[in-house]
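Data from run-v6.tsv: TSV, C-alpha atoms
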chain	number	residue	atom	x	y	z
K	1	MET	CA	-97.35	24.94	-75.18
K	2	GLN	CA	-96.44	21.86	-77.14
K	3	THR	CA	-93.98	20.39	-74.68
K	4	THR	CA	-95.64	17.05	-73.95
K	5	GLN	CA	-97.36	16.52	-77.29
K	6	SER	CA	-95.65	16.49	-80.64
K	7	ALA	CA	-97.05	18.97	-83.16
K	8	PRO	CA	-99.98	17.57	-85.16
K	9	HIS	CA	-99.49	16.53	-88.74
K	10	LEU	CA	-99.57	19.46	-91.13
K	11	LEU	CA	-102.97	18.48	-92.55
K	12	PHE	CA	-104.58	18.72	-89.11
K	13	ARG	CA	-103.13	22.08	-88.17
K	14	ALA	CA	-105.57	25.00	-88.05
K	15	ARG	CA	-103.29	27.49	-89.76
K	16	TRP	CA	-100.49	27.10	-92.23
K	17	SER	CA	-97.73	29.62	-92.72
K	18	PRO	CA	-98.94	32.31	-95.15
K	19	TYR	CA	-95.69	31.84	-97.05
K	20	LEU	CA	-96.38	28.13	-97.53
K	21	VAL	CA	-99.96	28.84	-98.61
K	22	GLY	CA	-98.83	31.62	-100.95
K	23	ALA	CA	-96.13	29.43	-102.48
K	24	LEU	CA	-98.60	26.58	-103.03
K	25	ILE	CA	-101.10	28.95	-104.67
K	26	GLY	CA	-98.24	30.09	-106.90
K	27	VAL	CA	-97.52	26.47	-107.83
K	28	LEU	CA	-101.24	25.86	-108.38
K	29	SER	CA	-101.18	28.69	-110.90
K	30	TRP	CA	-98.31	26.99	-112.76
K	31	VAL	CA	-100.44	23.88	-113.00
K	32	THR	CA	-103.54	25.69	-114.28
K	33	PHE	CA	-101.49	27.53	-116.93
K	34	LEU	CA	-99.60	24.39	-117.92
K	35	THR	CA	-102.37	21.82	-118.04
K	36	MET	CA	-105.47	23.90	-118.72
K	37	ASP	CA	-104.24	27.16	-120.22
K	38	LYS	CA	-106.19	28.96	-117.50
K	39	ALA	CA	-105.44	31.55	-114.83
K	40	LEU	CA	-107.01	31.41	-111.37
K	41	GLY	CA	-110.06	33.65	-111.06
K	42	ALA	CA	-113.46	33.76	-109.40
K	43	SER	CA	-115.57	36.83	-110.09
K	44	THR	CA	-116.51	36.09	-113.72
K	45	THR	CA	-118.45	33.10	-112.40
K	46	LEU	CA	-120.75	35.44	-110.46
K	47	VAL	CA	-121.59	37.16	-113.77
K	48	ARG	CA	-122.36	33.81	-115.40
K	49	ALA	CA	-124.47	32.76	-112.40
K	50	ALA	CA	-126.38	36.06	-112.36
K	51	GLY	CA	-126.85	35.79	-116.12
K	52	MET	CA	-128.10	32.21	-115.95
K	53	ILE	CA	-130.58	33.10	-113.20
K	54	THR	CA	-131.77	36.01	-115.36
K	55	GLY	CA	-131.88	33.68	-118.36
K	56	ALA	CA	-134.06	31.19	-116.53
K	57	ILE	CA	-136.66	33.93	-116.23
K	58	SER	CA	-136.15	35.55	-119.61
K	59	GLU	CA	-133.65	34.43	-122.26
K	60	ASP	CA	-134.10	37.71	-124.11
K	61	ALA	CA	-132.97	39.66	-121.06
K	62	VAL	CA	-129.61	37.93	-121.41
K	63	ARG	CA	-129.41	38.15	-125.20
K	64	ASP	CA	-130.26	41.86	-125.11
K	65	ASN	CA	-127.58	42.54	-122.51
K	66	ALA	CA	-124.17	42.93	-124.13
K	67	TYR	CA	-122.31	42.10	-120.91
K	68	TYR	CA	-124.17	38.87	-120.19
K	69	SER	CA	-123.99	37.91	-123.87
K	70	LYS	CA	-120.22	38.27	-123.86
K	71	TYR	CA	-119.96	35.56	-121.19
K	72	LEU	CA	-122.93	33.33	-122.00
K	73	VAL	CA	-124.02	33.37	-125.64
K	74	GLY	CA	-122.24	30.64	-127.58
K	75	LYS	CA	-120.32	29.63	-124.47
K	76	PRO	CA	-121.11	27.03	-121.83
K	77	GLY	CA	-122.43	28.68	-118.67
K	78	PHE	CA	-120.93	25.99	-116.49
K	79	ASP	CA	-117.27	26.24	-117.46
K	80	TRP	CA	-113.87	25.63	-115.88
K	81	GLN	CA	-114.08	28.56	-113.47
K	82	PHE	CA	-117.67	27.78	-112.51
K	83	ALA	CA	-116.57	24.30	-111.42
K	84	LEU	CA	-113.65	25.87	-109.56
K	85	VAL	CA	-115.89	28.28	-107.65
K	86	LEU	CA	-118.45	25.59	-106.79
K	87	LEU	CA	-115.74	23.45	-105.21
K	88	LEU	CA	-114.14	26.26	-103.16
K	89	PRO	CA	-116.44	25.67	-100.17
K	90	VAL	CA	-115.83	21.92	-100.38
K	91	GLY	CA	-112.08	22.43	-100.16
K	92	ALA	CA	-112.53	24.81	-97.24
K	93	TYR	CA	-114.95	22.38	-95.58
K	94	ILE	CA	-112.40	19.55	-95.74
K	95	ALA	CA	-109.64	21.82	-94.46
K	96	SER	CA	-111.78	23.04	-91.54
K	97	ARG	CA	-112.93	19.51	-90.64
K	98	LEU	CA	-109.37	18.17	-90.61
K	99	SER	CA	-108.28	20.88	-88.19
K	100	LYS	CA	-111.58	20.91	-86.24
K	101	THR	CA	-112.02	24.60	-87.01
K	102	TYR	CA	-115.40	24.08	-88.72
K	103	GLN	CA	-117.69	26.45	-86.85
K	104	PRO	CA	-121.20	27.58	-87.76
K	105	GLU	CA	-121.11	31.33	-87.21
K	106	SER	CA	-123.49	34.09	-88.26
K	107	VAL	CA	-121.78	37.15	-86.82
K	108	PRO	CA	-117.95	37.18	-86.82
K	109	SER	CA	-116.27	38.18	-83.54
K	110	LEU	CA	-114.67	41.38	-84.77
K	111	TRP	CA	-117.97	42.54	-86.26
K	112	ARG	CA	-119.83	41.66	-83.05
K	113	ALA	CA	-117.39	43.61	-80.90
K	114	ARG	CA	-118.03	46.73	-82.98
K	115	PHE	CA	-121.61	46.46	-84.21
K	116	GLY	CA	-123.29	44.02	-81.82
K	117	ASP	CA	-124.70	40.56	-82.41
K	118	SER	CA	-127.67	41.43	-84.65
K	119	LYS	CA	-127.85	38.85	-87.43
K	120	PRO	CA	-130.02	40.96	-89.76
K	121	LEU	CA	-127.56	43.86	-89.51
K	122	ARG	CA	-124.61	41.61	-90.26
K	123	TYR	CA	-126.38	39.86	-93.14
K	124	ALA	CA	-127.50	43.18	-94.64
K	125	ALA	CA	-123.96	44.55	-94.41
K	126	ALA	CA	-122.54	41.35	-95.91
K	127	PHE	CA	-125.04	41.56	-98.78
K	128	GLY	CA	-124.27	45.23	-99.42
K	129	GLY	CA	-120.51	44.71	-99.11
K	130	GLY	CA	-120.65	41.73	-101.47
K	131	ALA	CA	-122.66	43.71	-104.02
K	132	LEU	CA	-120.30	46.69	-103.93
K	133	MET	CA	-117.29	44.37	-104.14
K	134	LEU	CA	-118.54	42.47	-107.17
K	135	PHE	CA	-119.63	45.68	-108.92
K	136	GLY	CA	-116.07	46.93	-108.40
K	137	ALA	CA	-114.58	43.63	-109.57
K	138	ARG	CA	-116.52	43.69	-112.82
K	139	LEU	CA	-115.74	47.34	-113.45
K	140	ALA	CA	-112.07	46.59	-112.88
K	141	GLY	CA	-112.23	43.33	-114.85
K	142	GLY	CA	-111.16	40.98	-112.06
K	143	CYS	CA	-110.89	40.31	-108.34
K	144	THR	CA	-108.30	39.31	-105.76
K	145	SER	CA	-107.75	36.04	-107.67
K	146	GLY	CA	-107.89	37.25	-111.27
K	147	HIS	CA	-106.09	40.56	-110.76
K	148	SER	CA	-104.14	40.47	-107.49
K	149	ILE	CA	-102.76	36.95	-107.92
K	150	SER	CA	-103.01	35.93	-111.59
K	151	GLY	CA	-102.59	39.46	-112.94
K	152	ASN	CA	-99.82	40.56	-110.61
K	153	LEU	CA	-97.77	37.40	-111.16
K	154	GLN	CA	-97.82	38.13	-114.89
K	155	LEU	CA	-96.73	41.68	-114.00
K	156	ALA	CA	-99.96	43.01	-115.52
K	157	VAL	CA	-100.37	46.77	-115.15
K	158	SER	CA	-104.14	46.22	-114.65
K	159	GLY	CA	-103.47	43.89	-111.71
K	160	TRP	CA	-101.04	46.18	-109.90
K	161	ILE	CA	-103.27	49.25	-110.28
K	162	PHE	CA	-106.29	47.28	-109.05
K	163	THR	CA	-104.40	45.88	-106.06
K	164	ALA	CA	-103.10	49.27	-104.95
K	165	ALA	CA	-106.61	50.76	-105.26
K	166	LEU	CA	-108.11	47.79	-103.39
K	167	PHE	CA	-105.80	48.30	-100.43
K	168	GLY	CA	-106.48	52.05	-100.49
K	169	GLY	CA	-110.26	51.60	-100.52
K	170	GLY	CA	-110.12	48.77	-97.99
K	171	ILE	CA	-107.89	50.57	-95.50
K	172	VAL	CA	-109.93	53.80	-95.58
K	173	THR	CA	-113.21	51.89	-95.20
K	174	ALA	CA	-112.02	49.56	-92.42
K	175	MET	CA	-110.37	52.39	-90.49
K	176	SER	CA	-113.54	54.50	-90.62
K	177	LEU	CA	-115.73	51.52	-89.66
K	178	TYR	CA	-113.67	50.03	-86.85
K	179	LYS	CA	-111.45	52.71	-85.35
K	180	GLN	CA	-113.23	54.25	-82.39
K	181	ARG	CA	-113.03	58.00	-82.32
K	182	SER	CA	-111.28	59.20	-79.19
U	1	MET	CA	-128.61	27.47	-122.67
U	2	PHE	CA	-127.52	30.05	-125.25
U	3	ASP	CA	-126.74	28.47	-128.63
U	4	THR	CA	-124.43	25.85	-127.16
U	5	ASN	CA	-124.13	23.26	-124.41
U	6	LEU	CA	-124.83	24.43	-120.90
U	7	PHE	CA	-121.83	22.49	-119.60
U	8	ALA	CA	-118.21	22.59	-120.75
U	9	ASP	CA	-116.40	19.28	-121.51
U	10	PRO	CA	-116.31	16.90	-118.54
U	11	GLN	CA	-112.53	16.95	-118.45
U	12	VAL	CA	-112.49	20.76	-118.30
U	13	LEU	CA	-115.05	20.70	-115.49
U	14	LEU	CA	-113.10	18.02	-113.62
U	15	PHE	CA	-109.88	20.03	-113.78
U	16	GLY	CA	-111.73	23.16	-112.69
U	17	ALA	CA	-113.31	21.30	-109.78
U	18	LEU	CA	-109.96	19.87	-108.66
U	19	THR	CA	-108.39	23.33	-108.84
U	20	GLY	CA	-111.23	24.77	-106.77
U	21	LEU	CA	-110.96	21.99	-104.21
U	22	ILE	CA	-107.25	22.65	-103.70
U	23	PHE	CA	-107.63	26.44	-103.83
U	24	GLY	CA	-110.45	26.40	-101.25
U	25	PHE	CA	-108.41	24.09	-99.02
U	26	LEU	CA	-105.39	26.40	-99.19
U	27	LEU	CA	-107.43	29.57	-98.56
U	28	GLN	CA	-108.92	28.03	-95.41
U	29	LYS	CA	-105.54	26.81	-94.15
U	30	GLY	CA	-104.11	30.24	-94.85
U	31	GLY	CA	-106.76	31.87	-92.63
U	32	VAL	CA	-108.02	34.22	-95.35
U	33	THR	CA	-111.51	32.72	-95.15
U	34	GLN	CA	-111.78	34.47	-91.77
U	35	HIS	CA	-113.49	37.85	-91.45
U	36	LYS	CA	-111.03	39.02	-88.78
U	37	VAL	CA	-108.02	38.23	-90.97
U	38	ILE	CA	-109.34	40.20	-93.96
U	39	VAL	CA	-110.50	43.17	-91.87
U	40	GLY	CA	-107.29	42.88	-89.80
U	41	GLN	CA	-105.30	43.39	-92.98
U	42	PHE	CA	-107.10	46.64	-93.77
U	43	LEU	CA	-106.68	47.77	-90.14
U	44	LEU	CA	-102.98	46.96	-90.58
U	45	HIS	CA	-103.06	44.53	-87.62
U	46	ASP	CA	-102.64	41.30	-89.57
U	47	PHE	CA	-100.59	41.04	-92.75
U	48	THR	CA	-101.63	37.50	-93.73
U	49	VAL	CA	-103.40	38.66	-96.91
U	50	LEU	CA	-100.40	40.61	-98.18
U	51	LYS	CA	-97.99	37.78	-97.31
U	52	ILE	CA	-100.05	35.22	-99.22
U	53	ILE	CA	-100.59	37.44	-102.25
U	54	LEU	CA	-96.95	38.51	-102.57
U	55	THR	CA	-95.58	34.98	-102.08
U	56	ALA	CA	-98.03	33.59	-104.65
U	57	VAL	CA	-97.09	36.37	-107.07
U	58	VAL	CA	-93.33	35.83	-106.75
U	59	VAL	CA	-93.50	32.02	-106.91
U	60	GLY	CA	-96.19	32.05	-109.59
U	61	GLY	CA	-94.46	34.73	-111.65
U	62	ILE	CA	-91.11	32.97	-111.75
U	63	GLY	CA	-92.84	29.76	-112.86
U	64	ILE	CA	-95.08	31.36	-115.47
U	65	TYR	CA	-92.34	33.50	-117.03
U	66	GLY	CA	-89.95	30.53	-116.83
U	67	MET	CA	-92.39	28.22	-118.60
U	68	THR	CA	-93.19	30.91	-121.17
U	69	GLY	CA	-89.47	31.27	-121.88
U	70	LEU	CA	-89.16	27.52	-122.34
U	71	GLY	CA	-92.21	27.45	-124.61
U	72	MET	CA	-94.07	25.13	-122.25
U	73	ILE	CA	-97.22	27.22	-122.00
U	74	GLU	CA	-99.30	28.81	-124.72
U	75	GLY	CA	-98.65	32.32	-123.50
U	76	LEU	CA	-99.58	34.87	-120.90
U	77	LYS	CA	-103.16	35.79	-120.04
U	78	VAL	CA	-102.67	39.46	-119.25
U	79	LYS	CA	-105.89	41.44	-118.77
U	80	SER	CA	-106.01	44.73	-120.64
U	81	ALA	CA	-105.35	47.78	-118.52
U	82	HIS	CA	-108.11	50.38	-118.31
U	83	VAL	CA	-106.47	52.70	-115.82
U	84	LEU	CA	-109.56	54.55	-114.60
U	85	ALA	CA	-111.72	51.41	-114.39
U	86	ASN	CA	-108.99	49.40	-112.65
U	87	LEU	CA	-108.53	52.24	-110.17
U	88	LEU	CA	-112.20	53.01	-109.54
U	89	GLY	CA	-113.18	49.33	-109.51
U	90	GLY	CA	-110.35	48.57	-107.10
U	91	VAL	CA	-111.46	51.27	-104.65
U	92	LEU	CA	-115.09	50.07	-104.71
U	93	PHE	CA	-113.89	46.49	-104.39
U	94	GLY	CA	-111.70	47.28	-101.39
U	95	GLY	CA	-114.54	49.21	-99.73
U	96	GLY	CA	-116.97	46.34	-100.23
U	97	MET	CA	-114.39	43.79	-99.12
U	98	ALA	CA	-113.76	45.70	-95.87
U	99	VAL	CA	-117.50	45.69	-95.08
U	100	LEU	CA	-118.01	42.05	-96.07
U	101	GLY	CA	-114.73	40.78	-94.62
U	102	TYR	CA	-114.14	38.29	-97.43
U	103	CYS	CA	-113.14	38.58	-101.07
U	104	PRO	CA	-115.09	36.73	-103.79
U	105	GLY	CA	-113.04	33.51	-103.69
U	106	THR	CA	-112.46	33.44	-99.92
U	107	GLY	CA	-116.08	34.43	-99.24
U	108	ILE	CA	-117.50	31.54	-101.23
U	109	ALA	CA	-114.91	29.25	-99.64
U	110	ALA	CA	-115.88	30.54	-96.16
U	111	ILE	CA	-119.39	29.11	-96.59
U	112	GLY	CA	-117.72	25.70	-96.35
U	113	GLN	CA	-116.22	26.38	-92.92
U	114	GLY	CA	-119.62	27.39	-91.51
U	115	SER	CA	-119.58	31.17	-92.00
U	116	ARG	CA	-123.27	31.89	-92.57
U	117	ASP	CA	-122.79	35.60	-93.19
U	118	ALA	CA	-120.73	34.57	-96.23
U	119	ILE	CA	-123.95	33.20	-97.78
U	120	ALA	CA	-125.49	36.68	-97.54
U	121	GLY	CA	-122.22	37.97	-98.99
U	122	ALA	CA	-122.41	35.57	-101.94
U	123	LEU	CA	-126.01	36.61	-102.67
U	124	GLY	CA	-124.85	40.22	-102.57
U	125	MET	CA	-122.07	39.34	-105.00
U	126	LEU	CA	-124.65	37.90	-107.42
U	127	PHE	CA	-126.67	41.08	-107.09
U	128	GLY	CA	-123.59	43.24	-107.66
U	129	ALA	CA	-122.66	41.23	-110.75
U	130	GLY	CA	-126.19	41.72	-112.11
U	131	LEU	CA	-126.06	45.41	-111.32
U	132	TYR	CA	-122.80	45.77	-113.20
U	133	ALA	CA	-124.23	43.97	-116.23
U	134	GLN	CA	-126.83	46.75	-116.40
U	135	ALA	CA	-124.25	49.51	-115.85
U	136	HIS	CA	-121.72	48.16	-118.36
U	137	PRO	CA	-122.83	50.24	-121.40
U	138	PHE	CA	-122.48	53.43	-119.34
U	139	MET	CA	-119.06	52.35	-118.05
U	140	GLN	CA	-117.94	51.48	-121.56
U	141	GLU	CA	-118.80	54.94	-122.75
U	142	HIS	CA	-117.46	56.94	-119.81
U	143	VAL	CA	-114.97	54.94	-117.75
U	144	LEU	CA	-113.47	51.95	-119.57
U	145	ASN	CA	-112.17	54.15	-122.38
U	146	VAL	CA	-110.05	56.31	-120.07
U	147	GLY	CA	-106.42	55.22	-119.96
U	148	GLU	CA	-106.60	52.17	-122.18
U	149	LEU	CA	-103.15	50.61	-122.32
U	150	GLY	CA	-103.96	47.22	-123.82
U	151	LYS	CA	-102.39	44.05	-122.43
U	152	ALA	CA	-99.63	46.00	-120.75
U	153	THR	CA	-97.20	44.50	-118.27
U	154	LEU	CA	-94.81	46.44	-116.06
U	155	ALA	CA	-92.03	45.25	-118.37
U	156	THR	CA	-93.69	46.23	-121.64
U	157	SER	CA	-95.00	49.59	-120.47
U	158	ILE	CA	-92.26	50.85	-118.15
U	159	GLY	CA	-89.37	48.87	-119.57
U	160	GLY	CA	-86.81	46.30	-118.54
U	161	SER	CA	-86.88	42.53	-118.69
U	162	PRO	CA	-89.68	40.75	-116.81
U	163	TRP	CA	-86.90	38.97	-114.91
U	164	VAL	CA	-85.58	42.26	-113.54
U	165	TRP	CA	-89.09	43.00	-112.28
U	166	LEU	CA	-89.51	39.53	-110.80
U	167	VAL	CA	-86.15	39.64	-109.02
U	168	ALA	CA	-86.89	43.14	-107.70
U	169	LEU	CA	-90.30	41.95	-106.55
U	170	ALA	CA	-88.78	38.91	-104.84
U	171	ILE	CA	-86.16	40.99	-103.03
U	172	GLY	CA	-88.67	43.69	-102.08
U	173	SER	CA	-91.14	41.10	-100.78
U	174	ALA	CA	-88.47	39.23	-98.82
U	175	ALA	CA	-87.31	42.48	-97.19
U	176	LEU	CA	-90.90	43.38	-96.32
U	177	PHE	CA	-91.49	39.90	-94.85
U	178	VAL	CA	-88.37	40.09	-92.68
U	179	TRP	CA	-89.46	43.50	-91.40
U	180	LEU	CA	-93.04	42.33	-90.73
U	181	GLU	CA	-91.91	39.17	-88.91
U	182	ARG	CA	-89.55	41.16	-86.72
U	183	ARG	CA	-92.24	43.69	-85.91
U	184	GLU	CA	-94.77	40.93	-85.11
U	185	ARG	CA	-92.28	39.11	-82.88
U	186	SER	CA	-91.46	42.21	-80.86
U	187	ALA	CA	-95.18	43.04	-80.59
U	188	ALA	CA	-95.84	39.51	-79.28
U	189	HIS	CA	-93.05	39.89	-76.71
U	190	GLY	CA	-94.39	43.28	-75.72
U	191	ALA	CA	-97.85	41.79	-75.15
U	192	ALA	CA	-96.44	38.90	-73.06
Rewrite the structure of this file - the entire thing - as structure tokens.
Amino acid sequence: MQTTQSAPHLLFRARWSPYLVGALIGVLSWVTFLTMDKALGASTTLVRAAGMITGAISEDAVRDNAYYSKYLVGKPGFDWQFALVLLLPVGAYIASRLSKTYQPESVPSLWRARFGDSKPLRYAAAFGGGALMLFGARLAGGCTSGHSISGNLQLAVSGWIFTAALFGGGIVTAMSLYKQRS
Amino acid sequence: MFDTNLFADPQVLLFGALTGLIFGFLLQKGGVTQHKVIVGQFLLHDFTVLKIILTAVVVGGIGIYGMTGLGMIEGLKVKSAHVLANLLGGVLFGGGMAVLGYCPGTGIAAIGQGSRDAIAGALGMLFGAGLYAQAHPFMQEHVLNVGELGKATLATSIGGSPWVWLVALAIGSAALFVWLERRERSAAHGAA
């Protein structure tokens, strides 16, 4: 209860209202459109990163791949969105330090309660989940940022279909993983 | 690396970096860098994700369509609709996101708050991106060509002014938020 102490300054609070955060992300998207002619996104950068890693081993493997070529040949690999994605953890680090919520953690609490505290199991699941998620993002042409925020706010049909399917797939998967059968 | 500079112009990179810094900060403050918040959304316990997305969409949409109307921005950046690919990709994405407990942006951001499993998640994302690059020709032939609608918006494909859609979206979201807040408050009282 905050009866004796006044509430901490907004910057030091652990959680902000989702409506405030949502509104500020909306405003951030105005700024990126207005000043940079860009829409918020993240998953294309994973393609560029995977392509550049492949390219470091064999340039031909990238040139011979139409998908990598589309994003890398004749275009800088480290572009606007790459810089954005690289700085995401820095922004989150500052936010978590200000609110003292920075916490090294290998197995999240909800996962541990259901699947135990095995790190290899959690890491393997995270790897597999991340792979499936990015495969889906590239098939769909975007992710939660590119489709569900940037696409939906432009009223894009692609964004709204993707978002509905995402919630469908996510709800079915989470329910079957976490709901204990009675 | 490939017929051009490896790096974009410094100013472009600087703006991208600043955007990422702010975006990562906001995602952490919003709580969506937390595994339990993402999974909680899919278990329908915690509606933070939906609240953030819908608020960003309404606020962002009004600004973007407003600035387009005023000729302040170069134009929309609508991604082409490929109905089957958007649908199938979305389902796979949601399934992967429920297992991982982060989405691509919030997962990479989560590394910064100390979530080590998010590093395994990010490596998985790289692998998934590489896998898709190999599967793309097949998808192009069999999936991406089903239900191609071009750069369709709800307004251009279904009809009506974008403003009608935005106002409807704002009212619908506000009503949903009021209902969710009421439900959460009574649940909190019930628990206490």
### Task
Please measure the separation of CA of Gly22 in chain K and CA of Val85 in chain K, giving the value in Å to one decimal.
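Calculated distance between CA of Gly22 in chain K and CA of Val85 in chain K is 18.6 Å.
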### Task
Quick one: everything within 10 Å of range 38-46 of chain U, counting all atoms listed in the file, minus sequence neighbours fewer than 5 positions away in the same chain. Send it as a VMD selection string.
(chain K and resid 110 to 111 166 to 179) or (chain U and resid 31 to 33 51 94 to 95 97 to 103 106 180 184)
Padding 5 Å on each side, edges along x, y and z: where is the centre of the box around the listed atoms of range 119-126 of chain K, and how long are its edges in Å to one decimal? Output it as lines of an AutoDock Vina configuration file.
center_x = -126.3
center_y = 41.7
center_z = -91.7
size_x = 17.5
size_y = 15.7
size_z = 18.5
### Message
Would you pick out the contacts of range 100-105 of chain K at 12 Å or less, using all atoms listed in the file, so that residues sharing its chain but fewer than 3 positions from it are not included, and give the list as a ChimeraX atom specification?
### Response
/K:11-15,89-90,92-97,108-109,111-112,117,119,122-123 /U:28-29,31,33-35,110-119
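Look at everything within 8 Å of (-113.1, 33.5, -112.9) using all atoms listed in the file, and the residues you get are K:Leu40, K:Gly41, K:Ala42, K:Ser43, K:Thr44, K:Thr45, K:Gln81, K:Phe82, K:Val85, K:Gly142, K:Ser145, K:Gly146.
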